[in-house]
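upload10.txt, holding compact mmCIF, C-alpha atoms:
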```txt
# COMPACT_ATOMS: atom_id res chain seq x y z
CA MET J 116 4.63 26.89 35.55
CA THR J 117 4.77 25.53 39.11
CA ASP J 118 3.51 28.79 40.58
CA LEU J 119 0.63 28.86 38.09
CA ALA J 120 -0.33 25.28 38.90
CA GLU J 121 -0.28 26.04 42.62
CA ASN J 122 -2.66 28.96 42.10
CA LEU J 123 -5.21 26.91 40.16
CA THR J 124 -8.02 25.49 42.24
CA VAL J 125 -10.22 22.77 40.79
CA PRO J 126 -13.29 21.85 42.85
CA PRO J 127 -13.56 18.17 43.67
CA LEU J 128 -15.94 16.11 41.56
CA ALA J 129 -19.23 15.30 43.25
CA ARG J 130 -19.90 11.70 44.17
CA LEU J 131 -23.39 10.26 43.94
CA ASP J 132 -24.76 9.11 47.26
CA ASP J 133 -25.96 5.54 47.75
CA ALA J 134 -29.50 6.44 46.70
CA GLY J 135 -28.30 8.02 43.46
CA ARG J 136 -26.09 5.07 42.56
CA ALA J 137 -28.92 2.66 43.37
CA ALA J 138 -31.33 4.60 41.13
CA LEU J 139 -28.93 4.53 38.19
CA PHE J 140 -27.15 1.20 38.66
CA THR J 141 -27.42 -1.24 41.53
CA GLU J 142 -31.20 -1.25 42.04
CA ALA J 143 -32.30 -0.13 38.57
CA ARG J 144 -34.17 -2.72 36.53
CA THR J 145 -35.65 -3.13 33.08
CA ALA J 146 -39.41 -2.67 33.42
CA ASN J 147 -41.71 -5.18 31.73
CA THR J 148 -45.03 -3.75 32.89
CA PHE J 149 -46.05 -0.13 33.33
CA ALA J 150 -48.55 1.75 35.47
CA PRO J 151 -51.10 3.94 33.67
CA THR J 152 -49.50 7.07 35.18
CA PRO J 153 -48.91 9.49 32.30
CA VAL J 154 -45.44 10.65 31.30
CA THR J 155 -45.53 14.30 30.31
CA ASP J 156 -43.81 16.11 27.46
CA ALA J 157 -41.82 18.01 30.08
CA GLU J 158 -40.56 14.75 31.59
CA LEU J 159 -39.55 13.43 28.18
CA THR J 160 -37.76 16.66 27.36
CA ALA J 161 -35.97 16.50 30.71
CA ILE J 162 -34.57 13.08 29.76
CA TRP J 163 -32.80 14.56 26.75
CA ASP J 164 -31.67 17.58 28.78
CA LEU J 165 -29.51 15.10 30.73
CA ALA J 166 -28.67 12.62 27.98
CA LYS J 167 -27.17 15.27 25.70
CA TRP J 168 -24.25 16.13 27.99
CA PRO J 169 -21.93 13.08 28.08
CA PRO J 170 -19.15 12.81 25.47
CA THR J 171 -19.15 11.59 21.90
CA ALA J 172 -16.21 11.62 19.49
CA ALA J 173 -15.62 15.17 18.28
CA ASN J 174 -18.90 16.05 20.02
CA THR J 175 -20.77 14.72 16.98
CA GLN J 176 -23.92 13.61 18.85
CA PRO J 177 -25.37 11.30 16.17
CA LEU J 178 -28.34 9.99 18.20
CA ARG J 179 -31.88 11.19 17.50
CA VAL J 180 -35.08 10.44 19.43
CA LEU J 181 -38.62 9.94 18.21
CA TYR J 182 -41.12 9.93 21.07
CA VAL J 183 -44.24 7.91 20.31
CA ARG J 184 -47.09 9.07 22.52
CA THR J 185 -50.29 9.19 20.50
CA GLN J 186 -52.52 6.19 19.95
CA GLU J 187 -52.09 6.63 16.21
CA GLY J 188 -48.31 6.47 16.55
CA ARG J 189 -48.52 3.46 18.86
CA ASP J 190 -50.80 1.65 16.41
CA ARG J 191 -48.12 2.12 13.76
CA LEU J 192 -45.27 0.97 16.01
CA VAL J 193 -46.66 -2.01 17.93
CA PRO J 194 -47.10 -4.34 14.92
CA LEU J 195 -43.42 -3.78 14.07
CA MET J 196 -42.26 -4.98 17.48
CA ALA J 197 -41.26 -8.60 18.11
CA GLU J 198 -44.24 -10.54 19.40
CA GLY J 199 -42.91 -10.72 22.95
CA ASN J 200 -42.47 -6.92 23.06
CA ARG J 201 -45.84 -5.85 21.70
CA ALA J 202 -47.88 -5.88 24.91
CA LYS J 203 -45.20 -3.91 26.77
CA THR J 204 -44.99 -1.31 24.02
CA ALA J 205 -48.77 -1.06 23.76
CA THR J 206 -49.15 -0.25 27.46
CA ALA J 207 -46.09 1.92 28.15
CA PRO J 208 -47.10 5.57 28.67
CA ALA J 209 -44.35 6.70 26.28
CA VAL J 210 -42.03 5.00 23.85
CA ALA J 211 -38.75 6.34 22.48
CA VAL J 212 -37.39 5.16 19.16
CA LEU J 213 -33.66 5.87 19.25
CA ALA J 214 -32.13 6.42 15.83
CA GLN J 215 -28.89 7.33 14.10
CA ASP J 216 -28.77 10.50 12.02
CA THR J 217 -26.75 9.46 8.96
CA ARG J 218 -26.10 13.14 8.20
CA PHE J 219 -24.91 13.96 11.72
CA HIS J 220 -21.78 15.61 10.32
CA GLU J 221 -23.82 18.48 8.89
CA HIS J 222 -24.03 19.86 12.44
CA ILE J 223 -20.27 19.90 13.01
CA PRO J 224 -19.91 23.69 12.45
CA THR J 225 -22.32 24.08 15.39
CA VAL J 226 -21.19 21.32 17.76
CA PHE J 227 -17.44 21.45 16.97
CA PRO J 228 -17.05 25.13 16.02
CA HIS J 229 -13.27 25.34 16.42
CA ALA J 230 -12.82 22.78 13.61
CA PRO J 231 -15.74 23.17 11.17
CA GLY J 232 -13.68 21.49 8.44
CA TYR J 233 -14.36 18.15 10.12
CA ARG J 234 -17.70 18.19 8.32
CA GLN J 235 -15.92 17.62 5.02
CA VAL J 236 -13.64 15.01 6.58
CA PHE J 237 -16.65 12.93 7.58
CA GLU J 238 -18.28 13.53 4.22
CA GLU J 239 -15.26 12.12 2.38
CA ASN J 240 -14.23 9.30 4.74
CA GLU J 241 -16.93 6.64 4.76
CA GLU J 242 -15.12 4.39 7.25
CA LEU J 243 -14.67 7.21 9.75
CA HIS J 244 -18.27 8.30 9.23
CA SER J 245 -19.68 4.81 9.78
CA GLN J 246 -17.53 4.15 12.83
CA SER J 247 -18.46 7.44 14.47
CA LEU J 248 -22.14 6.95 13.64
CA ARG J 249 -22.26 3.45 15.09
CA PHE J 250 -20.14 4.05 18.19
CA GLY J 251 -21.47 7.49 19.02
CA SER J 252 -25.11 6.47 18.79
CA ALA J 253 -24.44 3.39 20.94
CA LEU J 254 -22.80 5.55 23.61
CA GLN J 255 -25.69 7.99 23.57
CA ALA J 256 -28.25 5.19 23.80
CA GLY J 257 -26.61 4.12 27.06
CA TYR J 258 -26.62 7.71 28.30
CA PHE J 259 -30.30 7.94 27.39
CA LEU J 260 -31.22 4.95 29.56
CA LEU J 261 -29.37 6.44 32.53
CA ALA J 262 -31.14 9.77 31.96
CA VAL J 263 -34.52 8.02 32.06
CA ARG J 264 -33.59 6.48 35.42
CA ALA J 265 -32.16 9.74 36.74
CA ASN J 266 -35.54 11.38 36.13
CA GLY J 267 -37.35 8.82 38.31
CA LEU J 268 -38.73 6.73 35.47
CA ALA J 269 -38.26 3.12 34.40
CA ALA J 270 -36.81 2.20 31.02
CA GLY J 271 -37.49 -0.92 29.01
CA PRO J 272 -34.94 -1.06 26.16
CA MET J 273 -35.68 -3.48 23.34
CA GLY J 274 -33.75 -4.53 20.26
CA GLY J 275 -36.48 -6.92 19.17
CA PHE J 276 -38.28 -5.07 16.40
CA ASP J 277 -38.40 -4.85 12.63
CA LYS J 278 -35.80 -2.15 12.01
CA ALA J 279 -36.45 -1.94 8.29
CA GLY J 280 -40.17 -1.71 8.97
CA VAL J 281 -39.77 1.02 11.60
CA ASP J 282 -37.50 3.00 9.30
CA ALA J 283 -39.94 2.73 6.42
CA GLU J 284 -42.89 3.70 8.63
CA PHE J 285 -41.35 6.57 10.62
CA PHE J 286 -38.21 7.65 8.74
CA PRO J 287 -39.08 7.20 5.06
CA ASP J 288 -36.54 9.73 3.79
CA GLY J 289 -33.74 7.39 4.95
CA ARG J 290 -31.80 9.95 6.94
CA TRP J 291 -32.58 8.43 10.36
CA ARG J 292 -32.08 4.72 11.07
CA SER J 293 -33.60 3.07 14.14
CA VAL J 294 -31.30 1.32 16.62
CA LEU J 295 -33.29 0.78 19.84
CA VAL J 296 -36.83 1.10 21.16
CA VAL J 297 -37.26 2.14 24.80
CA ASN J 298 -40.50 1.89 26.76
CA ILE J 299 -40.72 4.63 29.39
CA GLY J 300 -42.97 5.01 32.41
CA HIS J 301 -43.55 4.09 36.03
CA PRO J 302 -43.35 0.39 36.95
CA GLY J 303 -46.62 -1.52 36.90
CA GLU J 304 -47.66 -4.76 38.57
CA SER J 305 -44.85 -7.34 38.90
CA PRO J 306 -42.60 -5.27 36.66
CA TRP J 307 -39.29 -7.07 37.21
CA PHE J 308 -37.93 -10.41 36.15
CA ASP J 309 -35.43 -12.01 38.53
CA ARG J 310 -32.10 -10.24 38.28
CA LEU J 311 -29.58 -12.22 36.27
CA PRO J 312 -25.98 -12.66 37.47
CA ARG J 313 -23.21 -10.20 36.64
CA LEU J 314 -19.63 -11.25 35.95
CA ASP J 315 -17.17 -11.10 38.84
CA HIS J 316 -14.06 -8.91 39.01
CA SER J 317 -11.91 -11.90 38.19
CA GLU J 318 -13.70 -12.36 34.88
CA VAL J 319 -13.52 -8.79 33.60
CA LEU J 320 -10.73 -6.84 35.24
CA SER J 321 -7.04 -6.86 34.43
CA TRP J 322 -4.29 -4.53 35.56
CA ALA J 323 -1.20 -3.16 33.86
```
What would the structure in this file look like if it were written as structure tokens?
Amino acid sequence: MTDLAENLTVPPLARLDDAGRAALFTEARTANTFAPTPVTDAELTAIWDLAKWPPTAANTQPLRVLYVRTQEGRDRLVPLMAEGNRAKTATAPAVAVLAQDTRFHEHIPTVFPHAPGYRQVFEENEELHSQSLRFGSALQAGYFLLAVRANGLAAGPMGGFDKAGVDAEFFPDGRWRSVLVVNIGHPGESPWFDRLPRLDHSEVLSWA
């Protein structure tokens, strides 16, 4: 066993440079205004091509994305946003409605092929199903925001909208359920509010 371990070589993990960490974390901001620069289908597809890779429990991947780009789609969505979010959503070049797929477990034979029986486990265990749906989609929503930033775009995530109304308007069969709306584009004029404080190490870290 020792000889085998000595012969294994694992390349070191890459570390983002300062510019990469700034783009994703330290300098990234929630955009409140957007420039009229279009966001292409290829750019929107590239966001998911990054967001799909990070982990979810049993690789279940319950998040789904509806991109709203047409004026007709925007006219349906904007009235369902909270009043303070309507102007931002109306002017963003693209808008993503992030949703949970309540039948995510149907894909388990594809995404977890070594244990296809997990599909039936999720079908029969409502608590496990609900927990995985809620937690997995929340994880993927966070990954999605980072993927937007990684592709050189600004994200404006919003929870202020009529979820029941959005579901009825865009997902009437009930399979998908909206969880977050994200405006996407390039920052416009005065796009940032003042940055709010973050908690210090002493408030959040403990050691065992």
Could you name the residues that touch Ala207 (chain J) at 9 Å or less, counting only C-alpha atoms, but leaving out those on the same chain fewer than 6 positions away, as a short mmCIF file (atom, residue, chain, number, x, y, z; two decimals) with C-alpha atoms, keeping the file's coordinate frame?
```cif
data_model
loop_
_atom_site.label_atom_id
_atom_site.label_comp_id
_atom_site.auth_asym_id
_atom_site.auth_seq_id
_atom_site.Cartn_x
_atom_site.Cartn_y
_atom_site.Cartn_z
CA THR J 148 -45.03 -3.75 32.89
CA PHE J 149 -46.05 -0.13 33.33
CA ALA J 150 -48.55 1.75 35.47
CA PRO J 151 -51.10 3.94 33.67
CA ASN J 298 -40.50 1.89 26.76
CA ILE J 299 -40.72 4.63 29.39
CA GLY J 300 -42.97 5.01 32.41
CA HIS J 301 -43.55 4.09 36.03
#
```
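The list of residues within 12 Å of (-47.7, -3.1, 16.5), counted using only C-alpha atoms, is Gln186, Glu187, Gly188, Arg189, Asp190, Arg191, Leu192, Val193, Pro194, Leu195, Met196, Ala197, Glu198, Gly199, Asn200, Arg201, Ala202, Lys203, Thr204, Ala205, Thr206, Phe276, Asp277, Gly280, Val281 and Glu284 of chain J.
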Hey, can you check how far CA of Pro287 (chain J) sits from CA of Leu181 (chain J)?
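One can read the CA of Pro287 (chain J) to CA of Leu181 (chain J) distance as 13.4 Å.
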The residue from J:Val212, J:Ala172, J:Ala146, J:Val226 with the smallest atom-to-atom distance to Ser293 (chain J), counting all atoms listed in the file, is J:Val212
* Asked: In Å, with one decimal, what is the gap from CA of Asp282 (chain J) to CA of Val294 (chain J)?
  ->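 Interatomic distance, CA of Asp282 (chain J) to CA of Val294 (chain J): 9.7 Å.
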Can you tell me how far CA of Asp216 (chain J) sits from CA of Leu243 (chain J), in Å to one decimal?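 Between these atoms lies a distance of 14.7 Å.
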So that I can see what lies close to region 135-144 of chain J, please list as a list in words the residues with an atom at most 7 Å from it, counting only C-alpha atoms and leaving out residues fewer than 3 positions away in the same chain. Leu131, Asp132, Leu261, Arg264, Ala265 and Trp307 of chain J
Padding of 5 Å on every side, edges along x, y and z, all listed atoms of region 292-311 of chain J included: what centre and edge lengths in Å, to one decimal, does that box have, as lines of an AutoDock Vina configuration file?
```
center_x = -38.6
center_y = -3.6
center_z = 25.0
size_x = 28.1
size_y = 27.2
size_z = 37.8
```
From the list J:Leu213, J:Leu320, J:Ala269, J:Ala173, the nearest residue to Val154 (chain J) using only C-alpha atoms is J:Ala269
Check your understanding: Skipping near chain neighbours, those fewer than 6 positions away, what residues fall within 7 Å of region 164-170 of chain J using all atoms listed in the file, listed as a PyMOL selection string?
Key -> chain J and resi 258-259+262
